[in-house]
>>> print(open('target-v6.cif').read())   # mmCIF, C-alpha atoms and all ligand atoms
data_coords
#
loop_
_atom_site.label_atom_id
_atom_site.label_comp_id
_atom_site.auth_asym_id
_atom_site.auth_seq_id
_atom_site.Cartn_x
_atom_site.Cartn_y
_atom_site.Cartn_z
CA MET A 9 -37.37 12.97 233.60
CA PRO A 10 -36.31 14.97 236.65
CA PRO A 11 -35.77 18.68 236.02
CA THR A 12 -32.08 19.56 235.78
CA ALA A 13 -29.52 21.52 233.80
CA THR A 14 -27.74 19.18 231.43
CA LEU A 15 -24.08 18.30 231.11
CA GLU A 16 -24.17 20.17 227.78
CA ASP A 17 -25.45 23.35 229.48
CA ILE A 18 -22.56 23.26 231.93
CA LYS A 19 -19.94 22.39 229.32
CA ALA A 20 -21.21 25.26 227.14
CA HIS A 21 -20.76 27.68 230.03
CA GLN A 22 -17.25 26.35 230.73
CA GLN A 23 -16.35 26.95 227.08
CA ARG A 24 -17.67 30.50 227.25
CA VAL A 25 -15.49 31.08 230.34
CA GLU A 26 -12.41 29.64 228.60
CA LYS A 27 -13.02 31.73 225.49
CA ASN A 28 -13.40 34.85 227.62
CA LYS A 29 -17.00 35.31 226.51
CA ILE A 30 -18.46 36.06 229.94
CA THR A 31 -19.17 39.76 230.30
CA PRO A 32 -20.33 41.71 233.38
CA ASP A 33 -23.03 43.72 231.52
CA ASN A 34 -26.01 41.95 233.04
CA LEU A 35 -24.83 42.43 236.61
CA PRO A 36 -26.38 45.27 238.60
CA PRO A 37 -24.25 48.39 239.32
CA CYS A 38 -21.81 48.17 242.23
CA SER A 39 -23.85 48.00 245.44
CA ARG A 40 -21.14 49.94 247.29
CA CYS A 41 -20.18 52.78 244.93
CA SER A 42 -22.74 52.55 242.06
CA VAL A 43 -20.18 52.15 239.25
CA GLU A 44 -21.99 50.57 236.26
CA SER A 45 -21.18 46.87 235.82
CA VAL A 46 -19.99 47.39 232.24
CA PHE A 47 -16.80 48.85 233.79
CA PHE A 48 -16.14 45.80 236.01
CA LYS A 49 -12.92 43.87 235.38
CA ILE A 50 -12.33 40.14 235.71
CA HIS A 51 -11.08 39.49 239.24
CA ALA A 52 -10.84 35.69 239.51
CA TYR A 53 -12.19 32.36 238.36
CA ARG A 54 -13.73 30.09 240.94
CA GLU A 55 -14.42 26.41 240.44
CA ARG A 56 -17.90 25.45 241.57
CA ARG A 57 -19.46 22.05 242.08
CA PHE A 58 -22.86 21.47 240.51
CA LEU A 59 -25.21 18.53 240.92
CA ILE A 60 -27.11 17.44 237.85
CA ILE A 61 -29.50 14.52 237.45
CA ILE A 62 -28.90 12.06 234.62
CA GLU A 63 -31.39 9.19 234.38
CA MET A 64 -32.25 9.48 238.10
CA LEU A 65 -28.60 9.55 239.16
CA ILE A 66 -27.26 12.72 240.78
CA ASN A 67 -23.86 13.46 239.27
CA THR A 68 -21.20 15.97 240.27
CA VAL A 69 -19.91 18.34 237.59
CA TYR A 70 -17.39 21.10 238.04
CA CYS A 71 -17.42 24.39 236.19
CA SER A 72 -15.82 27.81 236.58
CA LEU A 73 -17.70 30.90 237.61
CA VAL A 74 -16.27 34.33 236.89
CA ARG A 75 -15.83 36.94 239.58
CA PHE A 76 -15.68 40.57 238.53
CA GLY A 77 -14.16 43.42 240.52
CA CYS A 78 -15.45 46.99 240.69
CA PRO A 79 -12.72 49.45 239.61
CA GLY A 80 -14.21 52.12 241.88
CA CYS A 81 -14.02 50.36 245.24
CA GLY A 82 -12.64 46.86 244.67
CA LYS A 83 -15.81 45.00 245.71
CA THR A 84 -16.20 41.70 243.86
CA PHE A 85 -19.29 40.16 242.27
CA THR A 86 -19.94 36.66 240.92
CA HIS A 87 -21.45 36.17 237.48
CA TYR A 88 -24.03 33.37 237.61
CA PRO A 89 -24.97 31.48 234.45
CA ASP A 90 -28.64 30.81 233.81
CA PHE A 91 -28.48 27.37 235.47
CA ALA A 92 -26.94 28.57 238.74
CA ILE A 93 -28.52 29.98 241.88
CA PRO A 94 -26.11 31.55 244.41
CA HIS A 95 -24.96 29.19 247.19
CA LYS A 96 -26.76 26.20 245.66
CA HIS A 97 -25.14 23.12 244.14
CA TYR A 98 -28.29 21.83 242.47
CA THR A 99 -29.13 23.70 239.29
CA ARG A 100 -31.90 26.27 238.89
CA GLN A 101 -33.96 23.85 236.79
CA THR A 102 -33.88 21.23 239.58
CA ILE A 103 -34.62 23.71 242.36
CA GLU A 104 -37.48 25.33 240.46
CA GLY A 105 -38.91 22.10 239.05
CA PHE A 106 -39.19 20.15 242.31
CA SER A 107 -40.34 23.20 244.28
CA ARG A 108 -43.04 23.92 241.74
CA THR A 109 -44.32 20.35 241.85
CA TYR A 110 -44.86 20.76 245.58
CA VAL A 111 -46.31 24.28 245.83
CA GLU A 112 -48.67 24.07 242.87
CA ASN A 113 -50.29 20.81 243.90
CA ASP A 114 -52.32 20.86 247.10
CA GLN A 115 -52.18 17.08 247.50
CA LYS A 116 -48.41 16.59 247.24
CA THR A 117 -46.24 15.96 250.27
CA TYR A 118 -42.50 16.67 250.23
CA GLN A 119 -41.91 12.94 249.80
CA ASP A 120 -44.27 12.92 246.79
CA ALA A 121 -42.43 15.90 245.33
CA VAL A 122 -39.05 14.10 245.22
CA THR A 123 -40.59 10.96 243.74
CA ILE A 124 -40.66 10.48 239.97
CA ASN A 125 -42.29 7.32 238.61
CA ASP A 126 -41.99 5.62 242.02
CA ALA A 127 -38.27 6.37 242.34
CA VAL A 128 -36.23 9.11 243.98
CA PRO A 129 -33.06 10.51 242.33
CA GLU A 130 -29.95 9.25 244.14
CA ARG A 131 -26.27 10.15 244.32
CA ALA A 132 -24.25 8.24 241.76
CA VAL A 133 -21.47 7.52 244.29
CA SER A 134 -23.04 7.27 247.74
CA GLY A 135 -26.54 6.16 246.76
CA ARG A 136 -27.99 8.85 249.06
CA THR A 137 -31.38 9.92 247.75
CA LEU A 138 -32.66 13.43 247.20
CA ALA A 139 -34.11 14.42 250.57
CA PRO A 140 -37.66 15.76 250.90
CA SER A 141 -36.15 18.42 253.22
CA SER A 142 -34.19 19.78 250.23
CA ILE A 143 -37.46 20.79 248.59
CA HIS A 144 -38.54 22.44 251.85
CA ARG A 145 -35.32 24.53 251.81
CA TRP A 146 -35.46 25.35 248.09
CA ILE A 147 -38.96 26.80 248.48
CA GLY A 148 -37.44 29.10 251.09
CA THR A 149 -34.70 30.08 248.63
CA LEU A 150 -37.18 30.99 245.88
CA ALA A 151 -39.44 32.84 248.31
CA ALA A 152 -36.40 34.82 249.51
CA LEU A 153 -35.75 35.96 245.92
CA ILE A 154 -39.22 37.48 245.84
CA ARG A 155 -38.85 39.02 249.29
CA ALA A 156 -35.44 40.52 248.50
CA ASN A 157 -36.77 42.10 245.31
CA GLN A 158 -40.24 43.00 246.53
CA ASP A 159 -39.92 46.76 245.96
CA ALA A 160 -38.38 46.37 242.51
CA LEU A 161 -41.06 43.86 241.55
CA LYS A 162 -43.90 46.11 242.74
CA LYS A 163 -42.53 48.97 240.65
CA TRP A 164 -42.12 46.65 237.72
CA LEU A 165 -45.66 45.31 237.97
CA GLN A 166 -47.01 48.89 238.10
CA GLU A 167 -44.97 49.93 235.08
CA LYS A 168 -46.18 46.90 233.13
CA CYS A 169 -49.75 47.72 234.19
CA ALA A 170 -50.01 44.07 235.21
CA VAL A 171 -53.35 44.57 236.95
CA GLN A 172 -54.62 41.11 236.09
CA LEU A 173 -51.45 39.50 237.33
CA CYS A 174 -51.66 41.42 240.64
CA SER A 175 -55.24 40.32 241.23
CA HIS A 176 -54.26 36.77 240.33
CA LEU A 177 -51.38 36.85 242.83
CA SER A 178 -53.64 38.10 245.59
CA SER A 179 -56.16 35.32 244.91
CA ILE A 180 -53.62 32.51 245.38
CA GLN A 181 -54.32 30.41 248.47
CA ILE A 182 -52.19 27.83 250.24
CA THR A 183 -53.98 24.80 251.62
CA GLU A 184 -53.77 24.52 255.42
CA LYS A 185 -52.27 21.04 255.10
CA LYS A 186 -49.02 22.58 253.85
CA TYR A 187 -48.00 24.76 256.79
CA LYS A 188 -47.99 24.96 260.55
CA THR A 189 -46.86 28.58 260.97
CA SER A 190 -47.89 31.79 259.26
CA SER A 191 -44.28 32.48 258.25
CA ARG A 192 -44.20 29.18 256.33
CA ARG A 193 -47.54 30.07 254.74
CA HIS A 194 -46.01 33.34 253.51
CA CYS A 195 -42.98 31.48 252.28
CA LEU A 196 -45.14 29.08 250.23
CA LEU A 197 -47.16 32.01 248.90
CA ARG A 198 -44.06 33.87 247.75
CA CYS A 199 -42.79 30.73 246.07
CA ARG A 200 -46.06 30.43 244.13
CA TRP A 201 -45.83 34.13 243.20
CA PHE A 202 -42.32 33.44 241.94
CA PHE A 203 -43.63 30.91 239.39
CA LYS A 204 -46.63 33.01 238.43
CA ILE A 205 -44.58 36.16 237.84
CA GLN A 206 -41.98 34.20 235.93
CA ALA A 207 -44.58 32.54 233.70
CA VAL A 208 -46.58 35.67 232.93
CA LEU A 209 -43.69 38.07 232.44
CA LYS A 210 -41.55 35.37 230.80
CA ILE A 211 -38.57 36.41 232.86
CA GLN A 212 -35.68 34.53 234.30
CA PHE A 213 -34.74 35.72 237.74
CA SER A 214 -31.47 37.07 236.45
CA PRO A 215 -28.46 37.91 238.63
CA SER A 216 -29.79 41.44 239.02
CA LEU A 217 -32.83 39.97 240.75
CA ARG A 218 -30.87 37.51 242.85
ZN ZN B 301 -17.72 49.77 243.65
#
>>> encode(input="target-v6.cif", output="structure tokens", more="lines below")
Ligand SMILES: [Zn+2]
Amino acid sequence: MPPTATLEDIKAHQQRVEKNKITPDNLPPCSRCSVESVFFKIHAYRERRFLIIIEMLINTVYCSLVRFGCPGCGKTFTHYPDFAIPHKHYTRQTIEGFSRTYVENDQKTYQDAVTINDAVPERAVSGRTLAPSSIHRWIGTLAALIRANQDALKKWLQEKCAVQLCSHLSSIQITEKKYKTSSRRHCLLRCRWFFKIQAVLKIQFSPSLR
């Protein structure tokens, strides 16, 4: 089964939106004026298109995301449910699952990574298949999450005294077959760190880390 959020996950979020159950508490403080997110007010609802994979078919599902406004300065912030990654239509499970298949297996090509039991997921309407280049981009997205939060993560690792994890991260190698430039090598490394940190610390990269 391809990794994906399910229709039930998305419907459950939509119901929480409709019942006014989405709160701003887990957002970081306002990046402009530092007001704590608990004081944010609902600003707007925005319909977002998500792509989920059901029995190898990529289906479109719509769901509302909540935008909160800071009462101090008016800046707005989107609340992302667990299955959403900013600016991505595919769900977190899909992005993480396919990326992981590629980065954690030295032998896999991008084409191998999109292939499940000799088939590639395809759009229910157009028949267009999931492109290997999507995995290439998603790895960049996950690596960027690590890069953007590098300082916070370092502090966090120190506080958790995660010495073993740090030495494990520094021992990870990327096979030369997987990159042509050193920037891509770093990108692949950060993506592998992403999965290692997530597994060991049992964290989701929550909106505060996005
Ligand atoms: Zn503000």
>>> closest_residue(input="target-v6.cif", among="A:Ser141, A:Thr31, A:Thr102, A:Asn67", to="Asp120 of chain A", atoms="all atoms listed in the file")
A:Ser141
>>> residues_near_ligand(input="target-v6.cif", ligand="ligand ZN 301 (chain B)", cutoff="8 Å", atoms="all atoms listed in the file", output="list in words")
Pro37, Cys38, Ser39, Arg40, Cys41, Ser42, Val43, Gly77, Cys78, Pro79, Gly80, Cys81, Gly82 and Lys83 of chain A
>>> closest_residue(input="target-v6.cif", among="A:Ala13, A:Val208, A:Leu35, A:Ile143", to="Ala92 of chain A", atoms="only C-alpha atoms")
A:Ala13
>>> atom_distance(input="target-v6.cif", atom1="atom CA of Asn34 of chain A", atom2="atom CA of His87 of chain A")
8.6 Å
>>> atom_distance(input="target-v6.cif", atom1="atom CA of Ser72 of chain A", atom2="atom CA of Arg56 of chain A")
5.9 Å
>>> atom_distance(input="target-v6.cif", atom1="atom CA of Glu55 of chain A", atom2="atom CA of Ser107 of chain A")
26.4 Å
>>> closest_residue(input="target-v6.cif", among="A:Val111, A:Cys174, A:Met9, A:Ile93", to="Thr149 of chain A", atoms="only C-alpha atoms")
A:Ile93
>>> residues_around(input="target-v6.cif", residues="Ser179 of chain A", least_positions_apart="2", cutoff="12 Å", atoms="only C-alpha atoms", output="ChimeraX atom specification")
/A:172-177,181-182,197,200-201,204
>>> write_last_selection(input="target-v6.cif", atoms="C-alpha atoms", output="PDB file, in the coordinates of the input")
ATOM      1  CA  GLN A 172     -54.620  41.110 236.090  1.00  0.00           C
ATOM      2  CA  LEU A 173     -51.450  39.500 237.330  1.00  0.00           C
ATOM      3  CA  CYS A 174     -51.660  41.420 240.640  1.00  0.00           C
ATOM      4  CA  SER A 175     -55.240  40.320 241.230  1.00  0.00           C
ATOM      5  CA  HIS A 176     -54.260  36.770 240.330  1.00  0.00           C
ATOM      6  CA  LEU A 177     -51.380  36.850 242.830  1.00  0.00           C
ATOM      7  CA  GLN A 181     -54.320  30.410 248.470  1.00  0.00           C
ATOM      8  CA  ILE A 182     -52.190  27.830 250.240  1.00  0.00           C
ATOM      9  CA  LEU A 197     -47.160  32.010 248.900  1.00  0.00           C
ATOM     10  CA  ARG A 200     -46.060  30.430 244.130  1.00  0.00           C
ATOM     11  CA  TRP A 201     -45.830  34.130 243.200  1.00  0.00           C
ATOM     12  CA  LYS A 204     -46.630  33.010 238.430  1.00  0.00           C
TER      13      LYS A 204
END
>>> residues_around(input="target-v6.cif", residues="His21 of chain A", least_positions_apart="6", cutoff="9 Å", atoms="all atoms listed in the file", output="PyMOL selection string")
chain A and resi 30+71-73+89
>>> residues_near_point(input="target-v6.cif", point="(-36.4, 35.9, 245.7)", cutoff="10 Å", atoms="all atoms listed in the file", output="list in words")
Ile147, Gly148, Thr149, Leu150, Ala151, Ala152, Leu153, Ile154, Arg155, Ala156, Asn157, Gln158, Arg198, Cys199, Trp201, Phe202, Phe213, Leu217 and Arg218 of chain A
>>> closest_residue(input="target-v6.cif", among="A:Thr189, A:Gln115, A:Thr68, A:Ser178", to="Arg131 of chain A", atoms="all atoms listed in the file")
A:Thr68
>>> closest_residue(input="target-v6.cif", among="A:Phe106, A:Phe91, A:Phe203, A:Phe85", to="Ile180 of chain A", atoms="all atoms listed in the file")
A:Phe203
>>> closest_residue(input="target-v6.cif", among="A:Phe48, A:Tyr110, A:Trp146, A:Trp164", to="Thr123 of chain A", atoms="only C-alpha atoms")
A:Tyr110
>>> residues_around(input="target-v6.cif", residues="Asp33 of chain A", least_positions_apart="5", cutoff="9 Å", atoms="only C-alpha atoms", output="PyMOL selection string")
chain A and resi 44-48
>>> residues_around(input="target-v6.cif", residues="Thr14 of chain A", least_positions_apart="6", cutoff="9 Å", atoms="all atoms listed in the file", output="list of chain:residue names")
A:Ile60, A:Ile61, A:Ile62
